[in-house]
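For reference, entry_32.tsv (TSV, C-alpha atoms):
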chain	number	residue	atom	x	y	z
A	30	MET	CA	-7.12	-20.06	56.37
A	31	MET	CA	-4.87	-21.67	59.01
A	32	LYS	CA	-5.96	-21.56	62.63
A	33	GLY	CA	-3.79	-19.29	64.74
A	34	THR	CA	-3.09	-16.79	61.97
A	35	ALA	CA	-4.99	-13.53	62.04
A	36	PRO	CA	-6.10	-12.06	58.71
A	37	PRO	CA	-5.17	-8.41	58.07
A	38	HIS	CA	-8.82	-7.67	57.26
A	39	LEU	CA	-11.91	-9.50	56.15
A	40	SER	CA	-13.41	-9.33	52.67
A	41	SER	CA	-16.42	-10.80	50.94
A	42	ALA	CA	-14.22	-13.61	49.61
A	43	GLU	CA	-13.56	-14.69	53.22
A	44	ALA	CA	-17.23	-15.07	54.11
A	45	GLN	CA	-16.88	-18.57	55.57
A	46	LEU	CA	-14.80	-18.17	58.73
A	47	THR	CA	-14.73	-20.02	62.02
A	48	THR	CA	-15.47	-18.47	65.39
A	49	ILE	CA	-11.99	-19.55	66.53
A	50	ASP	CA	-10.43	-17.49	63.74
A	51	MET	CA	-12.72	-14.60	64.65
A	52	ASP	CA	-11.82	-14.72	68.35
A	53	PHE	CA	-8.12	-14.65	67.44
A	54	TYR	CA	-8.79	-11.75	65.08
A	55	ILE	CA	-10.56	-9.74	67.78
A	56	ASN	CA	-7.88	-10.37	70.39
A	57	HIS	CA	-5.13	-9.14	68.06
A	58	THR	CA	-6.90	-6.08	66.63
A	59	ASN	CA	-8.76	-4.55	69.59
A	60	HIS	CA	-6.11	-1.87	70.12
A	61	SER	CA	-6.39	-0.09	66.77
A	62	THR	CA	-8.18	3.23	67.49
A	63	ALA	CA	-10.65	4.95	69.79
A	64	TYR	CA	-13.63	3.64	67.86
A	65	PRO	CA	-15.66	0.41	67.91
A	66	ASP	CA	-13.80	-2.83	67.32
A	67	PRO	CA	-13.68	-4.54	63.92
A	68	VAL	CA	-15.91	-7.55	64.65
A	69	PHE	CA	-19.20	-7.93	66.47
A	70	LEU	CA	-19.66	-11.31	68.18
A	71	PRO	CA	-22.24	-12.44	70.78
A	72	CYS	CA	-21.72	-10.70	74.11
A	73	ASN	CA	-20.76	-13.77	76.15
A	74	ASN	CA	-17.84	-12.26	78.06
A	75	PRO	CA	-18.09	-13.45	81.70
A	76	ARG	CA	-17.31	-9.89	82.89
A	77	ASN	CA	-20.63	-8.63	81.51
A	78	VAL	CA	-22.76	-7.12	84.26
A	79	ILE	CA	-25.85	-8.10	82.25
A	80	SER	CA	-26.24	-11.57	80.81
A	81	PRO	CA	-26.97	-12.10	77.09
A	82	HIS	CA	-30.29	-13.69	78.08
A	83	VAL	CA	-31.41	-10.56	79.92
A	84	ALA	CA	-30.30	-8.37	77.00
A	85	ASP	CA	-32.32	-10.53	74.60
A	86	ILE	CA	-35.39	-10.27	76.85
A	87	VAL	CA	-35.10	-6.46	76.94
A	88	ASP	CA	-34.77	-6.39	73.15
A	89	PHE	CA	-37.82	-8.63	72.76
A	90	VAL	CA	-40.04	-6.66	75.18
A	91	LEU	CA	-39.12	-3.29	73.70
A	92	PHE	CA	-38.76	-4.10	70.00
A	93	VAL	CA	-41.70	-6.52	69.75
A	94	GLY	CA	-44.07	-5.28	72.44
A	95	ILE	CA	-43.65	-1.56	73.08
A	96	PHE	CA	-41.98	-0.06	70.02
A	97	PRO	CA	-44.65	-1.07	67.46
A	98	VAL	CA	-47.36	0.56	69.58
A	99	LEU	CA	-45.40	3.78	70.06
A	100	VAL	CA	-44.39	3.94	66.41
A	101	THR	CA	-47.94	3.34	65.19
A	102	CYS	CA	-49.38	6.03	67.47
A	103	GLY	CA	-46.50	8.39	66.75
A	104	VAL	CA	-46.73	8.09	62.97
A	105	ILE	CA	-50.50	8.66	63.01
A	106	THR	CA	-50.28	11.71	65.28
A	107	ASN	CA	-47.37	13.19	63.33
A	108	VAL	CA	-49.28	12.82	60.07
A	109	ILE	CA	-52.13	14.69	61.77
A	110	ASN	CA	-49.62	17.35	62.86
A	111	MET	CA	-48.45	17.77	59.26
A	112	ALA	CA	-52.01	18.20	58.01
A	113	VAL	CA	-52.86	20.72	60.72
A	114	PHE	CA	-49.78	22.88	60.13
A	115	VAL	CA	-50.39	22.83	56.38
A	116	ARG	CA	-53.90	24.09	57.10
A	117	LEU	CA	-52.60	26.77	59.47
A	118	GLY	CA	-50.21	27.92	56.75
A	119	LEU	CA	-46.56	27.17	56.14
A	120	ALA	CA	-45.87	30.83	55.42
A	121	ASP	CA	-45.49	31.23	59.17
A	122	ARG	CA	-41.95	30.20	60.16
A	123	ILE	CA	-43.02	28.37	63.33
A	124	ASN	CA	-45.67	26.37	61.45
A	125	LEU	CA	-43.03	25.51	58.85
A	126	CYS	CA	-40.55	24.37	61.51
A	127	LEU	CA	-43.16	22.28	63.34
A	128	PHE	CA	-44.26	20.74	60.04
A	129	CYS	CA	-40.65	19.78	59.22
A	130	LEU	CA	-40.22	18.48	62.77
A	131	ALA	CA	-43.23	16.20	62.29
A	132	VAL	CA	-41.78	14.94	58.99
A	133	SER	CA	-38.36	14.19	60.47
A	134	ASP	CA	-39.87	12.57	63.57
A	135	THR	CA	-41.97	10.32	61.33
A	136	GLY	CA	-38.92	9.33	59.30
A	137	PHE	CA	-36.97	8.55	62.46
A	138	MET	CA	-39.71	6.31	63.87
A	139	LEU	CA	-40.27	4.39	60.63
A	140	PHE	CA	-36.58	3.72	59.95
A	141	LEU	CA	-35.85	2.89	63.59
A	142	MET	CA	-38.68	0.36	63.65
A	143	CYS	CA	-37.47	-1.07	60.36
A	144	GLY	CA	-33.95	-1.42	61.73
A	145	LYS	CA	-35.09	-2.99	64.99
A	146	SER	CA	-37.57	-5.36	63.36
A	147	TYR	CA	-34.99	-8.15	63.62
A	148	ALA	CA	-36.55	-9.10	66.98
A	149	LEU	CA	-39.90	-9.71	65.29
A	150	ILE	CA	-38.29	-11.46	62.32
A	151	SER	CA	-36.41	-13.75	64.69
A	152	LEU	CA	-39.71	-15.11	65.98
A	153	LEU	CA	-40.39	-16.49	62.50
A	154	ASP	CA	-36.85	-17.22	61.31
A	155	PRO	CA	-33.94	-16.84	63.80
A	156	GLU	CA	-31.31	-16.95	61.05
A	157	ALA	CA	-33.05	-14.26	59.01
A	158	GLY	CA	-33.44	-12.16	62.15
A	159	ASN	CA	-29.75	-12.53	62.94
A	160	PHE	CA	-28.86	-11.48	59.39
A	161	TRP	CA	-31.13	-8.42	59.53
A	162	GLN	CA	-29.77	-7.44	62.95
A	163	ASN	CA	-26.29	-7.14	61.46
A	164	ARG	CA	-27.28	-5.90	58.02
A	165	HIS	CA	-29.51	-3.03	59.18
A	166	ARG	CA	-26.53	-0.91	60.22
A	167	GLY	CA	-26.47	0.52	56.69
A	168	ALA	CA	-29.48	2.17	55.10
A	169	THR	CA	-32.10	1.75	57.85
A	170	MET	CA	-30.09	2.89	60.86
A	171	GLY	CA	-28.25	5.48	58.78
A	172	SER	CA	-31.60	7.02	57.86
A	173	ALA	CA	-32.92	6.70	61.42
A	174	LEU	CA	-29.88	8.47	62.87
A	175	GLY	CA	-30.11	11.04	60.08
A	176	PHE	CA	-33.74	11.94	60.75
A	177	GLN	CA	-33.02	12.08	64.47
A	178	ALA	CA	-30.17	14.54	63.82
A	179	ILE	CA	-32.48	16.61	61.61
A	180	SER	CA	-35.08	16.72	64.40
A	181	ASN	CA	-32.36	17.86	66.81
A	182	VAL	CA	-31.35	20.70	64.49
A	183	ILE	CA	-34.97	21.78	63.90
A	184	THR	CA	-35.67	21.80	67.64
A	185	ALA	CA	-32.55	23.92	68.16
A	186	LEU	CA	-33.72	26.34	65.44
A	187	ILE	CA	-37.14	26.60	67.10
A	188	ALA	CA	-35.53	27.31	70.48
A	189	VAL	CA	-33.22	29.98	69.04
A	190	GLU	CA	-36.06	31.63	67.08
A	191	ARG	CA	-38.38	31.70	70.08
A	192	CYS	CA	-35.63	32.97	72.38
A	193	HIS	CA	-34.88	35.79	69.96
A	194	CYS	CA	-38.61	36.61	69.72
A	195	VAL	CA	-38.89	36.84	73.50
A	196	LEU	CA	-35.69	38.78	74.09
A	197	SER	CA	-35.77	40.98	70.97
A	198	PRO	CA	-39.23	40.75	69.35
A	199	LEU	CA	-38.77	43.69	66.96
A	200	LYS	CA	-35.76	42.13	65.20
A	201	ALA	CA	-36.87	38.51	65.11
A	202	GLY	CA	-38.78	38.82	61.84
A	203	GLN	CA	-35.81	40.39	60.10
A	204	ILE	CA	-33.37	37.63	61.04
A	205	PHE	CA	-35.56	34.51	61.03
A	206	LYS	CA	-37.40	34.68	57.73
A	207	THR	CA	-39.59	31.76	56.70
A	208	LYS	CA	-37.83	31.19	53.38
A	209	THR	CA	-34.40	31.30	55.02
A	210	MET	CA	-35.37	28.77	57.66
A	211	GLY	CA	-36.86	26.49	55.02
A	212	VAL	CA	-33.68	26.58	52.95
A	213	VAL	CA	-31.54	25.91	56.03
A	214	ILE	CA	-33.64	22.90	57.05
A	215	VAL	CA	-33.51	21.39	53.54
A	216	MET	CA	-29.74	21.89	53.24
A	217	VAL	CA	-29.11	20.38	56.68
A	218	ALA	CA	-31.39	17.42	55.92
A	219	VAL	CA	-29.70	16.62	52.60
A	220	TYR	CA	-26.22	16.88	54.10
A	221	ILE	CA	-26.95	14.76	57.19
A	222	LEU	CA	-28.81	12.00	55.36
A	223	THR	CA	-26.17	11.80	52.64
A	224	VAL	CA	-23.23	11.63	55.04
A	225	LEU	CA	-24.78	9.16	57.49
A	226	ASN	CA	-26.07	6.77	54.85
A	227	THR	CA	-22.81	6.89	52.92
A	228	ALA	CA	-20.68	6.39	56.04
A	229	LEU	CA	-22.72	3.49	57.41
A	230	GLY	CA	-23.12	1.98	53.96
A	231	ILE	CA	-19.38	1.60	53.50
A	232	LYS	CA	-18.42	1.07	57.15
A	233	TYR	CA	-19.83	-2.42	57.77
A	234	GLN	CA	-19.88	-5.72	55.92
A	235	THR	CA	-21.92	-8.75	56.94
A	236	VAL	CA	-20.33	-12.21	56.76
A	237	HIS	CA	-21.42	-15.75	57.54
A	238	VAL	CA	-19.47	-17.44	60.35
A	239	THR	CA	-19.44	-21.20	61.01
A	240	ASP	CA	-18.49	-22.82	64.31
A	241	PRO	CA	-16.70	-26.13	63.50
A	242	LEU	CA	-17.30	-27.52	67.00
A	243	THR	CA	-21.09	-27.20	67.01
A	244	ASN	CA	-21.57	-27.02	63.24
A	245	THR	CA	-23.76	-23.94	63.71
A	246	SER	CA	-23.51	-20.68	61.81
A	247	THR	CA	-24.38	-17.06	62.37
A	248	PHE	CA	-24.07	-13.67	60.72
A	249	ILE	CA	-21.74	-11.01	62.09
A	250	SER	CA	-20.73	-7.54	60.96
A	251	HIS	CA	-17.18	-6.28	60.61
A	252	LEU	CA	-15.50	-3.12	59.43
A	253	SER	CA	-15.02	-3.06	55.67
A	254	PRO	CA	-11.63	-2.65	53.95
A	255	THR	CA	-12.82	0.64	52.44
A	256	TYR	CA	-13.57	2.01	55.90
A	257	LEU	CA	-10.25	0.80	57.29
A	258	ARG	CA	-8.37	2.62	54.51
A	259	HIS	CA	-10.16	5.94	55.20
A	260	ARG	CA	-10.92	5.43	58.89
A	261	THR	CA	-9.74	8.77	60.25
A	262	LEU	CA	-11.68	10.87	57.73
A	263	ILE	CA	-14.90	8.88	58.07
A	264	ASP	CA	-14.74	8.85	61.86
A	265	ILE	CA	-14.22	12.62	62.03
A	266	VAL	CA	-17.18	13.32	59.75
A	267	TYR	CA	-19.42	10.53	61.02
A	268	ASN	CA	-18.58	9.72	64.67
A	269	PHE	CA	-17.18	13.03	65.85
A	270	MET	CA	-19.25	15.64	64.01
A	271	LEU	CA	-22.67	14.05	63.53
A	272	LEU	CA	-22.96	11.56	66.39
A	273	ALA	CA	-21.14	13.42	69.15
A	274	ILE	CA	-20.70	17.15	68.53
A	275	LEU	CA	-23.93	17.94	66.66
A	276	PRO	CA	-26.32	16.32	69.23
A	277	PHE	CA	-24.37	17.91	72.08
A	278	LEU	CA	-24.49	21.38	70.50
A	279	CYS	CA	-28.21	21.04	69.74
A	280	LEU	CA	-28.95	19.93	73.30
A	281	LEU	CA	-26.84	22.73	74.74
A	282	THR	CA	-28.53	25.31	72.50
A	283	VAL	CA	-32.04	24.13	73.39
A	284	THR	CA	-31.19	24.06	77.11
A	285	VAL	CA	-29.71	27.57	77.17
A	286	CYS	CA	-32.45	29.12	75.03
A	287	THR	CA	-35.25	27.42	76.96
A	288	THR	CA	-33.79	28.57	80.27
A	289	ALA	CA	-33.55	32.15	78.96
A	290	ILE	CA	-37.14	32.04	77.73
A	291	ILE	CA	-38.47	30.73	81.05
A	292	VAL	CA	-36.61	33.40	83.01
A	293	ARG	CA	-37.86	36.16	80.71
A	294	LEU	CA	-41.46	34.92	80.85
A	295	LYS	CA	-41.38	34.92	84.64
A	296	VAL	CA	-40.01	38.46	84.68
A	297	SER	CA	-42.68	39.60	82.20
A	298	ALA	CA	-45.45	37.94	84.20
A	299	THR	CA	-44.25	39.65	87.38
A	300	TRP	CA	-44.10	43.01	85.62
A	301	ARG	CA	-47.65	42.62	84.30
A	302	ARG	CA	-48.99	41.80	87.75
A	303	GLU	CA	-47.22	44.78	89.29
A	304	THR	CA	-48.34	47.29	86.66
A	305	ALA	CA	-51.76	45.71	86.17
A	306	SER	CA	-51.47	46.52	82.49
A	307	ASN	CA	-53.92	45.14	79.99
A	308	VAL	CA	-52.59	42.38	77.74
A	309	THR	CA	-53.85	42.29	74.17
A	310	SER	CA	-55.14	39.13	72.55
A	311	VAL	CA	-52.13	39.07	70.21
A	312	GLU	CA	-49.75	39.17	73.18
A	313	LYS	CA	-51.70	36.39	74.90
A	314	GLN	CA	-51.50	34.24	71.78
A	315	ASP	CA	-47.78	34.87	71.43
A	316	VAL	CA	-47.20	33.91	75.05
A	317	SER	CA	-49.30	30.77	74.56
A	318	VAL	CA	-47.27	29.73	71.51
A	319	THR	CA	-44.04	30.41	73.38
A	320	ARG	CA	-45.12	28.27	76.33
A	321	MET	CA	-46.10	25.45	73.98
A	322	LEU	CA	-42.69	25.56	72.29
A	323	VAL	CA	-40.97	25.71	75.67
A	324	THR	CA	-42.80	22.52	76.66
A	325	VAL	CA	-41.65	20.85	73.43
A	326	CYS	CA	-38.07	21.92	74.19
A	327	CYS	CA	-38.27	20.71	77.80
A	328	VAL	CA	-39.46	17.27	76.68
A	329	PHE	CA	-36.64	17.23	74.13
A	330	VAL	CA	-34.02	18.05	76.79
A	331	THR	CA	-35.41	15.44	79.18
A	332	CYS	CA	-35.48	12.63	76.62
A	333	MET	CA	-32.31	13.45	74.70
A	334	THR	CA	-29.89	14.20	77.55
A	335	PRO	CA	-29.34	10.48	78.35
A	336	THR	CA	-28.83	9.72	74.64
A	337	VAL	CA	-26.24	12.46	74.17
A	338	THR	CA	-24.47	11.38	77.37
A	339	ARG	CA	-24.29	7.79	76.14
A	340	GLN	CA	-22.96	8.89	72.75
A	341	LEU	CA	-20.22	10.93	74.40
A	342	LEU	CA	-19.31	7.97	76.63
A	343	ALA	CA	-19.14	5.66	73.63
A	344	PHE	CA	-17.10	8.16	71.65
A	345	GLY	CA	-14.69	8.60	74.56
A	346	ARG	CA	-14.25	4.83	74.57
A	347	THR	CA	-15.21	4.15	78.16
A	348	PRO	CA	-13.46	0.83	78.96
A	349	GLY	CA	-15.64	-2.07	77.87
A	350	PHE	CA	-18.65	0.10	76.96
A	351	LEU	CA	-18.70	-1.03	73.33
A	352	THR	CA	-20.52	-3.60	71.26
A	353	THR	CA	-17.48	-5.84	71.59
A	354	GLY	CA	-16.36	-4.82	75.09
A	355	HIS	CA	-17.02	-6.65	78.33
A	356	LEU	CA	-19.97	-4.29	78.96
A	357	CYS	CA	-21.53	-4.95	75.56
A	358	ASN	CA	-24.81	-6.25	77.02
A	359	LEU	CA	-25.09	-3.07	79.08
A	360	PHE	CA	-24.34	-1.15	75.89
A	361	LYS	CA	-27.16	-2.95	74.06
A	362	VAL	CA	-29.69	-2.56	76.88
A	363	SER	CA	-28.89	1.13	77.31
A	364	ALA	CA	-29.27	1.67	73.55
A	365	ALA	CA	-32.69	-0.02	73.51
A	366	SER	CA	-33.86	1.90	76.59
A	367	LEU	CA	-32.72	5.23	75.17
A	368	HIS	CA	-34.46	4.48	71.88
A	369	LEU	CA	-37.63	4.23	73.99
A	370	LEU	CA	-37.06	7.76	75.32
A	371	GLU	CA	-36.37	8.98	71.79
A	372	LEU	CA	-39.65	7.50	70.57
A	373	ILE	CA	-41.52	9.15	73.43
A	374	ASN	CA	-39.95	12.49	72.45
A	375	THR	CA	-41.00	12.12	68.81
A	376	SER	CA	-44.52	10.87	69.49
A	377	CYS	CA	-45.79	13.14	72.29
A	378	ASN	CA	-45.83	16.51	70.50
A	379	PHE	CA	-49.42	15.95	69.39
A	380	LEU	CA	-50.55	15.89	73.04
A	381	ILE	CA	-48.60	19.09	73.76
A	382	TYR	CA	-50.18	20.90	70.81
A	383	ILE	CA	-53.68	19.75	71.78
A	384	LYS	CA	-53.19	20.82	75.38
A	385	GLN	CA	-51.57	24.22	74.89
A	386	SER	CA	-52.48	25.59	71.45
A	387	SER	CA	-55.99	26.89	70.84
A	388	GLY	CA	-55.14	27.55	67.17
A	389	TYR	CA	-54.09	23.92	66.72
A	390	ARG	CA	-57.28	22.69	68.37
A	391	SER	CA	-59.44	24.92	66.19
A	392	ALA	CA	-57.73	23.78	62.99
A	393	LEU	CA	-58.02	20.13	64.01
A	394	GLN	CA	-61.69	20.49	64.86
A	395	MET	CA	-62.34	22.13	61.50
A	396	MET	CA	-60.53	19.30	59.70
A	397	CYS	CA	-62.58	16.70	61.58
A	398	SER	CA	-65.79	18.56	60.68
A	399	CYS	CA	-64.77	18.61	57.04
A	400	LEU	CA	-64.14	14.86	57.08
A	401	THR	CA	-67.50	14.03	58.65
A	402	LYS	CA	-69.62	16.44	56.62
A	403	ASN	CA	-69.92	17.54	53.01
A	404	PRO	CA	-67.01	19.95	52.43
A	405	ARG	CA	-69.03	21.93	49.88
A	406	LYS	CA	-71.64	22.74	52.48
A	407	LYS	CA	-69.23	23.40	55.31
A	408	THR	CA	-67.79	26.88	55.54
A	409	GLY	CA	-64.03	26.96	55.97
A	410	CYS	CA	-63.31	23.43	54.76
A	411	ARG	CA	-61.21	24.73	51.90
A	412	SER	CA	-57.83	26.09	52.92

This entry written out as structure tokens:
Amino acid sequence: MMKGTAPPHLSSAEAQLTTIDMDFYINHTNHSTAYPDPVFLPCNNPRNVISPHVADIVDFVLFVGIFPVLVTCGVITNVINMAVFVRLGLADRINLCLFCLAVSDTGFMLFLMCGKSYALISLLDPEAGNFWQNRHRGATMGSALGFQAISNVITALIAVERCHCVLSPLKAGQIFKTKTMGVVIVMVAVYILTVLNTALGIKYQTVHVTDPLTNTSTFISHLSPTYLRHRTLIDIVYNFMLLAILPFLCLLTVTVCTTAIIVRLKVSATWRRETASNVTSVEKQDVSVTRMLVTVCCVFVTCMTPTVTRQLLAFGRTPGFLTTGHLCNLFKVSAASLHLLELINTSCNFLIYIKQSSGYRSALQMMCSCLTKNPRKKTGCRS
């Protein structure tokens, strides 16, 4: 390939390119559409408000120091959540939803940690870490984003169900049936995981780039020819629907429903104090469950609002706020920081259940008793 001539696109046959060719390619193709640019190079633009060194330090601290601890604790507690809700009975629609939420949260944490493990790999082999950093955009991050989207939808379903129970308790059981909610969750999960993994699998290609001046090489990712041919369709289904609109709608739904529930609970509490009416144990339990789910929704809104805002900014192509823009280091640092909030959201539900649900505590205590004593001699150890 002659220097000074930009290729129309890159293919696997053009794996050995120079950074000079790549820089020329970027400069002549950065105006194509409102989506990320074709090639991802190191963020060394002098207009960056954050230096590459600082961005690398943030990646190292979060992905090597903090993330493994959060993921380990989160996976363990979510597995406990699954076991407890199975014991409580998945015939109850809320138990089913919370069980599915624990499954999707676990999937998100595992695939996110797998995708971000390039920081740990780089400690042992920088070249292998660089390759994994570019290559993980396919299956690992596609699955991580997919499970996160599934968790968003499940949280929205929980908020809608609980809002309907509070505002219209007599009709809630007729509309939100356990079997129906289970079918909806499975269909949504299959669709989201299939679309995201397919889109990311065909969107990026990883190539090996050699710098002739320093005789050093690195791996970079670029948009594949298949993606470029069907760019509009893939971006509508992938960028617009699943990464921008769906998270925004889920966040909006959870916010509105949670606000309505809180207002109604305050009105009900005021009415009970004024009438001094006796509250049955069933009503107390229902209020307790509702408050627990409201707490889960509030944590979700707090942790996911920055993520949704960032996704909308990236989708709207804020000048320079891209992986190849002059704010790419800010883009990277914000992504890593928001992943931290997302991990907190997916790993703290266990503490909420322990604190606010007496039924959860009782089931967990029974499970612990069954593990420490002979199940045959312990009443209630068998579900």

Please, which residues in range 114-205 of chain A fall within 9 Å of range 272-275 of chain A when counting only C-alpha atoms, and what is the closest atom pair and distance in Å to one decimal for each, ordered by chain then residue number, as a Markdown table?
| residue | atom | partner | partner_atom | distance |
| --- | --- | --- | --- | --- |
| A:Leu174 | CA | A:Leu272 | CA | 8.4 |
| A:Ala178 | CA | A:Leu275 | CA | 7.7 |
| A:Asn181 | CA | A:Leu275 | CA | 8.4 |
| A:Val182 | CA | A:Leu275 | CA | 8.2 |

Could you take the residues named above and write them with C-alpha atoms, as a compact mmCIF listing (two decimals), in the coordinates of the input?
# COMPACT_ATOMS: atom_id res chain seq x y z
CA LEU A 174 -29.88 8.47 62.87
CA ALA A 178 -30.17 14.54 63.82
CA ASN A 181 -32.36 17.86 66.81
CA VAL A 182 -31.35 20.70 64.49

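Between CA of Phe360 in chain A and CA of Gly158 in chain A the interatomic distance comes to 19.8 Å.
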
key: Residue with smallest distance to Pro335 in chain A - pool A:Val316, A:Leu280, A:Val323, A:Ile187, counting all atoms listed in the file   =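 Closest candidate: A:Leu280.
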
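Omitting Ala148 in chain A and its sequence neighbours fewer than 3 positions away, and counting all atoms listed in the file, the residues within 9 Å are Asp85, Asp88, Phe89, Phe92, Val93, Lys145, Ser151, Leu152, Pro155, Gly158, Asn159 and Gln162 of chain A.
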
remark   = A straight line from CA of Phe140 in chain A to CA of Val100 in chain A spans 10.1 Å

key: Of the listed residues A:Ala120, A:Ala188, A:Val292, A:Val266, that which approaches Thr324 in chain A most closely, counting all atoms listed in the file   =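 Selected residue with least distance to Thr324 in chain A: A:Ala188.
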
key: Pick from A:Lys295, A:Lys384, A:Arg76, A:Lys208 nearest to Cys126 in chain A, counting all atoms listed in the file   =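 Using all atoms listed in the file, the shortest distance to Cys126 in chain A belongs to A:Lys208.
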
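Of the residues under consideration (A:Ser391, A:Thr319, A:Thr338, A:Asn374), A:Thr319 shows the shortest atom-to-atom contact distance to Leu196 in chain A when counting all atoms listed in the file.
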
ask   = Of the candidates A:Thr169, A:Gln394, A:Thr207, A:Asn358, which one gets nearest to Gly136 in chain A if we count only C-alpha atoms?
value =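 Ranked by minimum distance to Gly136 in chain A, first place goes to A:Thr169.
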
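Residues within 6 Å of range 112-114 of chain A, counting all atoms listed in the file and excluding same-chain residues fewer than 3 positions away, are Ile109, Leu117, Asn124 and Phe128 of chain A.
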
query = Interatomic distance between CA of Glu371 in chain A and CA of Asp154 in chain A?
reply =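 Taking CA of Glu371 in chain A and CA of Asp154 in chain A, their separation equals 28.2 Å.
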
inquiry  = Between A:Thr287, A:Val328, A:Val318, A:Gly230, which residue has the minimum interatomic distance to Thr375 in chain A, considering all atoms listed in the file?
reply    = A:Val328

task = Write out as a list in words which residues come within 7 Å of Ser253 in chain A when counting only C-alpha atoms, dropping same-chain ones fewer than 6 positions away.
result = Ile231, Lys232, Tyr233 and Gln234 of chain A

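Using all atoms listed in the file, the residues found no farther than 8 Å from Ile214 in chain A, other than those of its own chain fewer than 6 positions away, are Cys129, Ile179 and Ile183 of chain A.
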
Could you pull range 270-286 of chain A out of the structure I just pasted and write it to a file containing N, CA and C atoms, as a PDB file, in the first residue's frame?
ATOM      1  N   MET A 270     -31.824   1.343  19.224  1.00  0.00           N
ATOM      2  CA  MET A 270     -32.872   0.660  19.987  1.00  0.00           C
ATOM      3  C   MET A 270     -32.374   0.078  21.305  1.00  0.00           C
ATOM      4  N   LEU A 271     -31.254  -0.652  21.274  1.00  0.00           N
ATOM      5  CA  LEU A 271     -30.825  -1.394  22.460  1.00  0.00           C
ATOM      6  C   LEU A 271     -29.879  -0.622  23.370  1.00  0.00           C
ATOM      7  N   LEU A 272     -29.085   0.287  22.820  1.00  0.00           N
ATOM      8  CA  LEU A 272     -28.118   0.998  23.654  1.00  0.00           C
ATOM      9  C   LEU A 272     -28.549   2.410  24.017  1.00  0.00           C
ATOM     10  N   ALA A 273     -29.569   2.935  23.383  1.00  0.00           N
ATOM     11  CA  ALA A 273     -30.029   4.287  23.687  1.00  0.00           C
ATOM     12  C   ALA A 273     -31.484   4.300  24.155  1.00  0.00           C
ATOM     13  N   ILE A 274     -32.392   3.820  23.318  1.00  0.00           N
ATOM     14  CA  ILE A 274     -33.817   3.927  23.630  1.00  0.00           C
ATOM     15  C   ILE A 274     -34.240   2.976  24.751  1.00  0.00           C
ATOM     16  N   LEU A 275     -33.817   1.699  24.662  1.00  0.00           N
ATOM     17  CA  LEU A 275     -34.249   0.730  25.672  1.00  0.00           C
ATOM     18  C   LEU A 275     -33.793   1.111  27.085  1.00  0.00           C
ATOM     19  N   PRO A 276     -32.515   1.429  27.326  1.00  0.00           N
ATOM     20  CA  PRO A 276     -32.115   1.852  28.687  1.00  0.00           C
ATOM     21  C   PRO A 276     -32.857   3.101  29.154  1.00  0.00           C
ATOM     22  N   PHE A 277     -33.060   4.049  28.227  1.00  0.00           N
ATOM     23  CA  PHE A 277     -33.767   5.283  28.606  1.00  0.00           C
ATOM     24  C   PHE A 277     -35.203   4.982  29.006  1.00  0.00           C
ATOM     25  N   LEU A 278     -35.899   4.147  28.221  1.00  0.00           N
ATOM     26  CA  LEU A 278     -37.286   3.812  28.541  1.00  0.00           C
ATOM     27  C   LEU A 278     -37.392   3.044  29.855  1.00  0.00           C
ATOM     28  N   CYS A 279     -36.460   2.117  30.080  1.00  0.00           N
ATOM     29  CA  CYS A 279     -36.456   1.363  31.342  1.00  0.00           C
ATOM     30  C   CYS A 279     -36.227   2.291  32.532  1.00  0.00           C
ATOM     31  N   LEU A 280     -35.262   3.190  32.400  1.00  0.00           N
ATOM     32  CA  LEU A 280     -34.987   4.141  33.482  1.00  0.00           C
ATOM     33  C   LEU A 280     -36.175   5.054  33.729  1.00  0.00           C
ATOM     34  N   LEU A 281     -36.787   5.536  32.657  1.00  0.00           N
ATOM     35  CA  LEU A 281     -37.958   6.402  32.799  1.00  0.00           C
ATOM     36  C   LEU A 281     -39.110   5.654  33.456  1.00  0.00           C
ATOM     37  N   THR A 282     -39.331   4.407  33.044  1.00  0.00           N
ATOM     38  CA  THR A 282     -40.418   3.606  33.626  1.00  0.00           C
ATOM     39  C   THR A 282     -40.196   3.367  35.105  1.00  0.00           C
ATOM     40  N   VAL A 283     -38.975   2.984  35.480  1.00  0.00           N
ATOM     41  CA  VAL A 283     -38.671   2.720  36.889  1.00  0.00           C
ATOM     42  C   VAL A 283     -38.818   3.998  37.710  1.00  0.00           C
ATOM     43  N   THR A 284     -38.376   5.120  37.174  1.00  0.00           N
ATOM     44  CA  THR A 284     -38.461   6.391  37.904  1.00  0.00           C
ATOM     45  C   THR A 284     -39.912   6.794  38.143  1.00  0.00           C
ATOM     46  N   VAL A 285     -40.730   6.733  37.104  1.00  0.00           N
ATOM     47  CA  VAL A 285     -42.132   7.132  37.224  1.00  0.00           C
ATOM     48  C   VAL A 285     -42.881   6.198  38.174  1.00  0.00           C
ATOM     49  N   CYS A 286     -42.700   4.891  37.994  1.00  0.00           N
ATOM     50  CA  CYS A 286     -43.415   3.924  38.842  1.00  0.00           C
ATOM     51  C   CYS A 286     -42.973   4.022  40.300  1.00  0.00           C
TER      52      CYS A 286
END
